[in-house]
>>> print(open('structure_23.txt').read())   # compact mmCIF, C-alpha atoms
# COMPACT_ATOMS: atom_id res chain seq x y z
CA MET A 1 36.85 -0.46 21.36
CA ALA A 2 36.04 1.39 24.54
CA LYS A 3 32.39 2.20 24.90
CA THR A 4 31.80 5.84 24.09
CA ALA A 5 28.97 8.20 23.25
CA THR A 6 30.97 9.76 20.43
CA ALA A 7 30.20 8.29 17.03
CA PRO A 8 33.18 6.61 15.36
CA ALA A 9 34.00 8.03 11.95
CA PRO A 10 32.63 6.30 8.86
CA GLY A 11 35.04 3.56 7.84
CA THR A 12 35.85 2.58 11.43
CA LYS A 13 35.80 -1.17 12.10
CA VAL A 14 33.62 -2.16 15.04
CA GLY A 15 31.94 -5.18 16.54
CA VAL A 16 28.14 -5.44 16.67
CA ARG A 17 25.73 -7.99 18.02
CA TYR A 18 24.06 -9.79 15.13
CA GLY A 19 22.69 -13.30 14.83
CA GLY A 20 23.43 -14.17 18.44
CA ARG A 21 27.13 -13.29 18.35
CA ILE A 22 29.49 -10.39 17.95
CA VAL A 23 30.48 -9.86 14.31
CA ALA A 24 32.79 -7.43 12.54
CA ALA A 25 31.19 -4.45 10.87
CA VAL A 26 32.13 -1.09 9.40
CA VAL A 27 30.52 2.20 10.37
CA THR A 28 28.98 3.74 7.27
CA GLU A 29 27.19 6.78 8.65
CA ASP A 30 26.72 8.86 11.79
CA ARG A 31 22.92 9.07 12.18
CA GLY A 32 23.10 11.61 14.98
CA MET A 33 21.19 11.77 18.25
CA VAL A 34 17.81 10.06 18.00
CA ALA A 35 15.48 9.71 20.99
CA GLY A 36 18.41 10.27 23.32
CA HIS A 37 20.76 7.79 21.64
CA GLN A 38 23.73 8.47 19.40
CA LEU A 39 23.18 6.13 16.44
CA VAL A 40 25.45 4.91 13.66
CA ARG A 41 24.67 2.82 10.62
CA VAL A 42 26.89 -0.24 10.22
CA HIS A 43 27.59 -2.65 7.38
CA VAL A 44 28.26 -6.25 8.37
CA GLY A 45 30.52 -8.46 6.30
CA ASP A 46 32.14 -7.77 2.94
CA TRP A 47 31.97 -4.15 1.93
CA ASP A 48 31.28 -5.07 -1.71
CA ASP A 49 28.35 -7.33 -0.85
CA SER A 50 25.20 -5.27 -1.22
CA ASP A 51 23.17 -8.10 0.30
CA SER A 52 25.08 -7.93 3.58
CA PRO A 53 23.14 -6.75 6.62
CA GLU A 54 23.21 -3.00 7.17
CA PHE A 55 21.40 -1.48 10.11
CA GLU A 56 21.44 1.16 12.84
CA VAL A 57 22.85 0.65 16.31
CA PRO A 58 23.51 2.91 19.32
CA VAL A 59 27.13 3.88 19.74
CA ASP A 60 27.10 2.71 23.36
CA GLU A 61 26.27 -0.83 22.18
CA LEU A 62 29.27 -1.10 19.84
CA GLN A 63 31.76 -3.78 20.81
CA PRO A 64 35.45 -4.41 20.16
CA VAL A 65 36.15 -5.97 16.77
CA PRO A 66 36.12 -9.75 17.30
CA ALA A 67 39.57 -11.33 17.21
CA ALA A 68 38.74 -13.58 14.25
CA ALA A 69 37.88 -10.59 12.02
CA MET B 1 6.08 19.53 19.12
CA ALA B 2 7.43 17.89 16.00
CA SER B 3 9.77 15.03 15.21
CA GLY B 4 13.46 15.83 14.86
CA ALA B 5 13.21 14.92 11.18
CA PHE B 6 10.40 17.39 10.59
CA THR B 7 12.29 20.09 12.49
CA VAL B 8 15.32 19.56 10.23
CA TRP B 9 13.05 19.64 7.16
CA ARG B 10 11.51 22.96 8.23
CA THR B 11 14.82 24.59 9.18
CA VAL B 12 18.07 23.24 7.71
CA SER B 13 16.55 21.74 4.55
CA SER B 14 14.27 24.70 3.98
CA LYS B 15 17.22 27.09 4.26
CA ARG B 16 19.24 25.11 1.70
CA LEU B 17 16.36 25.13 -0.77
CA ASP B 18 15.75 28.85 -0.16
CA GLU B 19 19.40 29.51 -0.99
CA LEU B 20 19.00 27.88 -4.39
CA ILE B 21 15.86 29.87 -5.10
CA ALA B 22 17.71 33.04 -4.09
CA ALA B 23 20.50 32.12 -6.50
CA HIS B 24 17.86 31.71 -9.20
CA ALA B 25 16.60 35.21 -8.55
CA ALA B 26 20.14 36.59 -8.49
CA VAL B 27 20.91 35.43 -12.02
CA GLY B 28 20.12 38.61 -13.91
CA GLY B 29 19.43 39.44 -17.54
CA THR B 30 17.17 38.02 -20.22
CA GLY B 31 19.62 36.54 -22.71
CA ARG B 32 20.48 32.95 -23.56
CA GLY B 33 23.19 32.88 -20.91
CA ARG B 34 20.63 33.54 -18.20
CA ARG B 35 18.30 30.87 -19.55
CA TYR B 36 21.07 28.25 -19.47
CA ALA B 37 22.06 29.27 -15.93
CA THR B 38 18.49 29.11 -14.64
CA GLU B 39 17.97 25.71 -16.27
CA GLN B 40 20.97 24.39 -14.36
CA LEU B 41 19.66 25.93 -11.15
CA ASN B 42 16.23 24.40 -11.74
CA ALA B 43 17.84 20.99 -12.24
CA SER B 44 19.86 21.44 -9.05
CA LEU B 45 16.75 22.51 -7.17
CA VAL B 46 14.83 19.42 -8.28
CA VAL B 47 17.66 17.11 -7.18
CA GLN B 48 18.00 18.96 -3.88
CA ILE B 49 14.27 18.84 -3.10
CA ALA B 50 14.28 15.08 -3.72
CA ALA B 51 17.44 14.63 -1.62
CA HIS B 52 16.16 16.65 1.34
CA PHE B 53 12.81 14.89 1.26
CA GLN B 54 14.64 11.55 1.30
CA LEU B 55 16.67 12.84 4.27
CA PHE B 56 13.41 13.69 6.05
CA CYS B 57 11.84 10.30 5.34
CA ARG B 58 14.94 8.40 6.49
CA GLY B 59 15.14 10.51 9.64
CA LEU B 60 11.48 10.00 10.44
CA HIS B 61 11.88 6.26 9.88
CA THR B 62 14.90 6.10 12.22
CA GLU B 63 13.07 8.07 14.92
CA THR B 64 10.02 5.85 14.60
CA ALA B 65 12.17 2.75 14.92
CA GLU B 66 13.97 4.09 17.97
CA VAL B 67 10.75 5.07 19.76
CA LEU B 68 9.35 1.57 19.22
CA VAL B 69 12.62 -0.11 20.22
CA LEU B 70 12.81 1.86 23.46
CA ALA B 71 9.22 0.96 24.28
CA ALA B 72 10.02 -2.75 24.01
CA PRO B 73 11.58 -4.94 26.71
CA THR B 74 15.36 -4.62 26.80
CA SER B 75 15.94 -8.16 25.56
CA TYR B 76 13.96 -7.42 22.37
CA ARG B 77 15.79 -4.26 21.37
CA THR B 78 18.70 -5.65 19.36
CA MET B 79 16.32 -7.83 17.35
CA LEU B 80 13.93 -4.98 16.70
CA ARG B 81 16.59 -2.50 15.60
CA VAL B 82 17.81 -4.93 12.96
CA ALA B 83 14.28 -5.78 11.85
CA PHE B 84 13.32 -2.13 11.52
CA THR B 85 16.45 -0.68 9.90
CA ASP B 86 18.22 -3.51 8.01
CA ARG B 87 18.60 -2.76 4.28
CA ARG B 88 15.88 -0.13 4.14
CA SER B 89 14.79 0.93 0.69
CA LEU B 90 15.08 4.55 1.77
CA ASP B 91 18.81 4.06 2.36
CA ARG B 92 19.37 3.00 -1.22
CA GLY B 93 16.83 4.68 -3.43
CA ASN B 94 14.69 7.78 -3.81
CA ALA B 95 11.99 8.58 -1.29
CA SER B 96 9.36 7.27 -3.69
CA VAL B 97 5.79 6.26 -2.97
CA GLU B 98 6.94 2.63 -3.02
CA THR B 99 10.04 2.94 -0.82
CA ILE B 100 8.23 5.06 1.77
CA GLY B 101 5.31 2.64 1.85
CA SER B 102 7.43 -0.51 2.15
CA ASP B 103 9.80 0.85 4.80
CA PHE B 104 7.05 2.20 7.05
CA ALA B 105 5.14 -1.07 6.61
CA ARG B 106 7.81 -2.58 8.91
CA PHE B 107 5.98 -0.76 11.71
CA ASP B 108 2.69 -2.44 10.77
CA PHE B 109 1.67 0.94 9.40
CA ASP B 110 -0.05 1.87 6.12
CA ILE B 111 1.48 5.31 5.76
CA TRP B 112 -0.17 6.16 2.43
CA GLY B 113 -3.62 4.94 3.41
CA THR B 114 -3.40 6.80 6.69
CA ALA B 115 -2.11 9.94 4.98
CA ALA B 116 -4.97 9.81 2.48
CA ALA B 117 -7.45 9.57 5.34
CA ALA B 118 -5.76 12.46 7.16
CA SER B 119 -5.62 14.88 4.24
CA PRO B 120 -7.62 15.09 0.99
CA LEU B 121 -4.54 16.65 -0.62
CA THR B 122 -2.50 13.47 -0.25
CA SER B 123 -3.42 12.00 -3.66
CA THR B 124 -2.26 15.16 -5.46
CA ARG B 125 0.88 15.35 -3.34
CA ARG B 126 1.58 11.71 -4.08
CA LEU B 127 1.37 12.43 -7.81
CA ARG B 128 3.69 15.41 -7.35
CA LEU B 129 6.19 13.21 -5.51
CA ASN B 130 6.14 10.76 -8.41
CA GLN B 131 6.72 13.63 -10.82
CA LEU B 132 9.58 14.98 -8.72
CA ASN B 133 11.35 11.61 -8.60
CA THR B 134 10.86 11.03 -12.32
CA TRP B 135 12.49 14.38 -13.12
CA ARG B 136 15.16 13.76 -10.48
CA ASN B 137 16.13 10.46 -12.11
CA ALA B 138 16.12 12.03 -15.57
CA ILE B 139 18.53 14.71 -14.36
CA ALA B 140 20.75 12.29 -12.45
CA HIS B 141 21.04 9.96 -15.45
CA GLN B 142 20.83 12.74 -18.07
CA ASP B 143 18.16 10.72 -19.80
CA PHE B 144 15.16 12.80 -20.77
CA VAL B 145 13.47 10.17 -22.94
CA PHE B 146 10.33 9.30 -20.99
CA THR B 147 8.15 6.23 -21.34
CA ALA B 148 4.49 6.69 -22.27
CA LYS B 149 3.54 6.14 -18.62
CA GLN B 150 6.05 8.72 -17.47
CA GLN B 151 4.87 11.20 -20.09
CA THR B 152 1.33 10.87 -18.75
CA ARG B 153 2.59 11.39 -15.21
CA LEU B 154 4.62 14.43 -16.19
CA GLN B 155 1.84 16.27 -18.05
CA GLU B 156 1.89 20.01 -17.36
CA THR B 157 5.30 19.82 -15.68
CA SER B 158 8.71 20.98 -16.86
CA LEU B 159 12.09 21.87 -15.42
CA THR B 160 10.96 25.31 -14.35
CA LEU B 161 10.97 27.16 -11.07
CA ALA B 162 7.17 27.05 -11.02
CA SER B 163 7.16 23.24 -11.18
CA ALA B 164 9.90 23.01 -8.56
CA ARG B 165 7.86 25.20 -6.22
CA ARG B 166 4.86 22.90 -6.65
CA TRP B 167 6.98 19.82 -5.89
CA ARG B 168 8.49 21.50 -2.85
CA GLY B 169 5.02 22.45 -1.65
CA ALA B 170 3.85 18.87 -2.05
CA CYS B 171 6.84 17.62 -0.04
CA ASN B 172 6.08 20.22 2.64
CA GLY B 173 2.53 18.92 2.87
CA LEU B 174 3.56 15.28 2.93
CA ALA B 175 6.21 15.93 5.59
CA SER B 176 3.67 17.65 7.82
CA THR B 177 1.11 14.88 7.35
CA PHE B 178 3.66 12.11 7.90
CA ASP B 179 4.92 13.80 11.06
CA GLN B 180 1.40 13.90 12.50
CA ILE B 181 0.19 10.46 11.48
CA VAL B 182 3.38 8.71 12.57
CA ALA B 183 3.09 10.42 15.96
CA ALA B 184 -0.51 9.20 16.21
CA HIS B 185 0.54 5.65 15.26
CA LEU B 186 3.32 5.62 17.86
CA THR B 187 0.92 6.96 20.47
CA ALA B 188 -1.51 4.16 19.69
CA VAL B 189 1.21 1.50 19.91
CA THR B 190 3.19 2.73 22.91
CA GLY B 191 0.59 4.74 24.82
CA THR B 192 2.90 7.75 24.90
CA ARG B 193 3.00 10.65 22.47
CA PRO B 194 6.54 10.70 21.01
CA TRP B 195 6.60 14.39 19.99
>>> encode(input="structure_23.txt", output="structure tokens")
Amino acid sequence: MAKTATAPAPGTKVGVRYGGRIVAAVVTEDRGMVAGHQLVRVHVGDWDDSDSPEFEVPVDELQPVPAAA
Amino acid sequence: MASGAFTVWRTVSSKRLDELIAAHAAVGGTGRGRRYATEQLNASLVVQIAAHFQLFCRGLHTETAEVLVLAAPTSYRTMLRVAFTDRRSLDRGNASVETIGSDFARFDFDIWGTAAAASPLTSTRRLRLNQLNTWRNAIAHQDFVFTAKQQTRLQETSLTLASARRWRGACNGLASTFDQIVAAHLTAVTGTRPW
């Protein structure tokens, strides 16, 4: 994914830095502009797993979906 | 200045809640039909107050996290964002006394203790928030059988416009206090006033 300041729509697959590597995640929510950053909330791993990490990240730090995903 | 979350609470959220109260006033007559309609509006108002207060608390938490992240060295930021926002209780449940307290504790901050010190009204507002969430859950689950503890908590409350106004007022007070004490906490940590 090209780096952009526009928030991807919920449901979009992205890559995020987590645990020292880039992992696949899904955008769950556009959190809007906060302190000058466009933030989204992402869910890492299986969608059905409620224990999977879910956190906020600036749109300009999103990465391409890793090839293995 | 105020946080973005508090600005939304005072403008967008306030307007939405005002619209429901206006709808309440617009339902005319005195018959049974009016009573049923106003009961439904009261239930909607309770759910909406709880939802908008949760929106405020989540927004304030996100802003707090971002201010702290941006004050940290660049190499710390990814770690801190995850630590501050991963699986927050406020993303999954009501903005209850417990979820607010535990999520803001991630910032090494006792939000309820600080709020109590900042305003003598906090203990009453805290009770009102508990009442609001208890009624909100009863409406959402359509289960109005309350435990003995809940009955004690809900004394002198009912699904009326008067009760809803009290709960909204309590949320207004808490939002204002939280906005101020979180700003003071961030100022103490970062050395810069965030809003």
>>> atom_distance(input="structure_23.txt", atom1="atom CA of Asp91 of chain B", atom2="atom CA of Arg31 of chain A")
11.8 Å
>>> interface_residues(input="structure_23.txt", of="chain B", to="chain A", cutoff="12 Å", atoms="all atoms listed in the file", output="PDB file with C-alpha atoms, in the frame of the given file")
ATOM      1  CA  SER B   3       9.770  15.030  15.210  1.00  0.00           C
ATOM      2  CA  GLY B   4      13.460  15.830  14.860  1.00  0.00           C
ATOM      3  CA  ALA B   5      13.210  14.920  11.180  1.00  0.00           C
ATOM      4  CA  LEU B  55      16.670  12.840   4.270  1.00  0.00           C
ATOM      5  CA  ARG B  58      14.940   8.400   6.490  1.00  0.00           C
ATOM      6  CA  GLY B  59      15.140  10.510   9.640  1.00  0.00           C
ATOM      7  CA  LEU B  60      11.480  10.000  10.440  1.00  0.00           C
ATOM      8  CA  HIS B  61      11.880   6.260   9.880  1.00  0.00           C
ATOM      9  CA  THR B  62      14.900   6.100  12.220  1.00  0.00           C
ATOM     10  CA  GLU B  63      13.070   8.070  14.920  1.00  0.00           C
ATOM     11  CA  THR B  64      10.020   5.850  14.600  1.00  0.00           C
ATOM     12  CA  ALA B  65      12.170   2.750  14.920  1.00  0.00           C
ATOM     13  CA  GLU B  66      13.970   4.090  17.970  1.00  0.00           C
ATOM     14  CA  VAL B  67      10.750   5.070  19.760  1.00  0.00           C
ATOM     15  CA  LEU B  68       9.350   1.570  19.220  1.00  0.00           C
ATOM     16  CA  VAL B  69      12.620  -0.110  20.220  1.00  0.00           C
ATOM     17  CA  LEU B  70      12.810   1.860  23.460  1.00  0.00           C
ATOM     18  CA  ALA B  71       9.220   0.960  24.280  1.00  0.00           C
ATOM     19  CA  SER B  75      15.940  -8.160  25.560  1.00  0.00           C
ATOM     20  CA  ARG B  77      15.790  -4.260  21.370  1.00  0.00           C
ATOM     21  CA  THR B  78      18.700  -5.650  19.360  1.00  0.00           C
ATOM     22  CA  MET B  79      16.320  -7.830  17.350  1.00  0.00           C
ATOM     23  CA  LEU B  80      13.930  -4.980  16.700  1.00  0.00           C
ATOM     24  CA  ARG B  81      16.590  -2.500  15.600  1.00  0.00           C
ATOM     25  CA  VAL B  82      17.810  -4.930  12.960  1.00  0.00           C
ATOM     26  CA  ALA B  83      14.280  -5.780  11.850  1.00  0.00           C
ATOM     27  CA  PHE B  84      13.320  -2.130  11.520  1.00  0.00           C
ATOM     28  CA  THR B  85      16.450  -0.680   9.900  1.00  0.00           C
ATOM     29  CA  ASP B  86      18.220  -3.510   8.010  1.00  0.00           C
ATOM     30  CA  ARG B  87      18.600  -2.760   4.280  1.00  0.00           C
ATOM     31  CA  ARG B  88      15.880  -0.130   4.140  1.00  0.00           C
ATOM     32  CA  SER B  89      14.790   0.930   0.690  1.00  0.00           C
ATOM     33  CA  ASP B  91      18.810   4.060   2.360  1.00  0.00           C
ATOM     34  CA  ARG B  92      19.370   3.000  -1.220  1.00  0.00           C
ATOM     35  CA  PRO B 194       6.540  10.700  21.010  1.00  0.00           C
ATOM     36  CA  TRP B 195       6.600  14.390  19.990  1.00  0.00           C
TER      37      TRP B 195
END
>>> residues_around(input="structure_23.txt", residues="Ala95 of chain B", least_positions_apart="6", cutoff="10 Å", atoms="all atoms listed in the file", output="number ranges by chain")
B: 50-58, 89, 101, 129-130, 133
>>> residues_around(input="structure_23.txt", residues="Thr114 of chain B", least_positions_apart="6", cutoff="10 Å", atoms="only C-alpha atoms", output="PDB file with C-alpha atoms, keeping the file's coordinate frame")
ATOM      1  CA  THR B 122      -2.500  13.470  -0.250  1.00  0.00           C
ATOM      2  CA  THR B 177       1.110  14.880   7.350  1.00  0.00           C
ATOM      3  CA  PHE B 178       3.660  12.110   7.900  1.00  0.00           C
ATOM      4  CA  ILE B 181       0.190  10.460  11.480  1.00  0.00           C
ATOM      5  CA  VAL B 182       3.380   8.710  12.570  1.00  0.00           C
ATOM      6  CA  HIS B 185       0.540   5.650  15.260  1.00  0.00           C
TER       7      HIS B 185
END
>>> atom_distance(input="structure_23.txt", atom1="atom CA of Ile22 of chain A", atom2="atom CA of Thr74 of chain B")
17.6 Å
>>> atom_distance(input="structure_23.txt", atom1="atom CA of Ala184 of chain B", atom2="atom CA of Arg106 of chain B")
16.2 Å
>>> residues_around(input="structure_23.txt", residues="Ala25 of chain A", least_positions_apart="2", cutoff="6 Å", atoms="all atoms listed in the file", output="ChimeraX atom specification")
/A:13-15,43-44
>>> write_last_selection(input="structure_23.txt", atoms="C-alpha atoms", output="mmCIF file, in the frame of the given file")
data_model
loop_
_atom_site.group_PDB
_atom_site.id
_atom_site.type_symbol
_atom_site.label_atom_id
_atom_site.label_comp_id
_atom_site.auth_asym_id
_atom_site.auth_seq_id
_atom_site.Cartn_x
_atom_site.Cartn_y
_atom_site.Cartn_z
ATOM 1 C CA LYS A 13 35.800 -1.170 12.100
ATOM 2 C CA VAL A 14 33.620 -2.160 15.040
ATOM 3 C CA GLY A 15 31.940 -5.180 16.540
ATOM 4 C CA HIS A 43 27.590 -2.650 7.380
ATOM 5 C CA VAL A 44 28.260 -6.250 8.370
#
>>> residues_around(input="structure_23.txt", residues="Asp30 of chain A", least_positions_apart="3", cutoff="8 Å", atoms="only C-alpha atoms", output="number ranges by chain")
A: 7-10, 27, 39-41
>>> residues_around(input="structure_23.txt", residues="Ala68 of chain A", least_positions_apart="3", cutoff="10 Å", atoms="all atoms listed in the file", output="list in words")
Val23, Ala24 and Val65 of chain A
>>> closest_residue(input="structure_23.txt", among="A:Thr6, A:Asp48, A:Gln38, A:Ala67", to="Val26 of chain A", atoms="all atoms listed in the file")
A:Asp48
>>> build_atoms(input="structure_23.txt", residues="segment 129-147 of chain B", atoms="N, CA and C atoms", output="compact mmCIF listing (two decimals), in the frame of the given file")
# COMPACT_ATOMS: atom_id res chain seq x y z
N LEU B 129 4.97 13.90 -5.93
CA LEU B 129 6.19 13.21 -5.51
C LEU B 129 6.68 12.28 -6.62
N ASN B 130 5.76 11.61 -7.28
CA ASN B 130 6.14 10.76 -8.41
C ASN B 130 6.76 11.59 -9.53
N GLN B 131 6.16 12.75 -9.78
CA GLN B 131 6.72 13.63 -10.82
C GLN B 131 8.13 14.08 -10.44
N LEU B 132 8.27 14.50 -9.19
CA LEU B 132 9.58 14.98 -8.72
C LEU B 132 10.65 13.91 -8.91
N ASN B 133 10.34 12.68 -8.51
CA ASN B 133 11.35 11.61 -8.60
C ASN B 133 11.64 11.23 -10.05
N THR B 134 10.63 11.33 -10.90
CA THR B 134 10.86 11.03 -12.32
C THR B 134 11.82 12.05 -12.93
N TRP B 135 11.58 13.34 -12.63
CA TRP B 135 12.49 14.38 -13.12
C TRP B 135 13.86 14.24 -12.46
N ARG B 136 13.89 13.91 -11.19
CA ARG B 136 15.16 13.76 -10.48
C ARG B 136 16.02 12.68 -11.14
N ASN B 137 15.39 11.55 -11.47
CA ASN B 137 16.13 10.46 -12.11
C ASN B 137 16.59 10.85 -13.51
N ALA B 138 15.74 11.59 -14.22
CA ALA B 138 16.12 12.03 -15.57
C ALA B 138 17.35 12.92 -15.50
N ILE B 139 17.38 13.81 -14.52
CA ILE B 139 18.53 14.71 -14.36
C ILE B 139 19.77 13.92 -13.95
N ALA B 140 19.60 13.03 -12.96
CA ALA B 140 20.75 12.29 -12.45
C ALA B 140 21.37 11.41 -13.52
N HIS B 141 20.54 10.86 -14.40
CA HIS B 141 21.04 9.96 -15.45
C HIS B 141 21.18 10.68 -16.79
N GLN B 142 20.82 11.97 -16.82
CA GLN B 142 20.83 12.74 -18.07
C GLN B 142 20.13 11.97 -19.19
N ASP B 143 18.98 11.47 -18.84
CA ASP B 143 18.16 10.72 -19.80
C ASP B 143 16.75 11.30 -19.74
N PHE B 144 16.44 12.09 -20.76
CA PHE B 144 15.16 12.80 -20.77
C PHE B 144 14.17 12.17 -21.76
N VAL B 145 14.42 10.91 -22.10
CA VAL B 145 13.47 10.17 -22.94
C VAL B 145 12.53 9.42 -22.00
N PHE B 146 11.28 9.85 -21.95
CA PHE B 146 10.33 9.30 -20.99
C PHE B 146 9.44 8.25 -21.63
N THR B 147 9.10 7.24 -20.86
CA THR B 147 8.15 6.23 -21.34
C THR B 147 6.76 6.88 -21.45
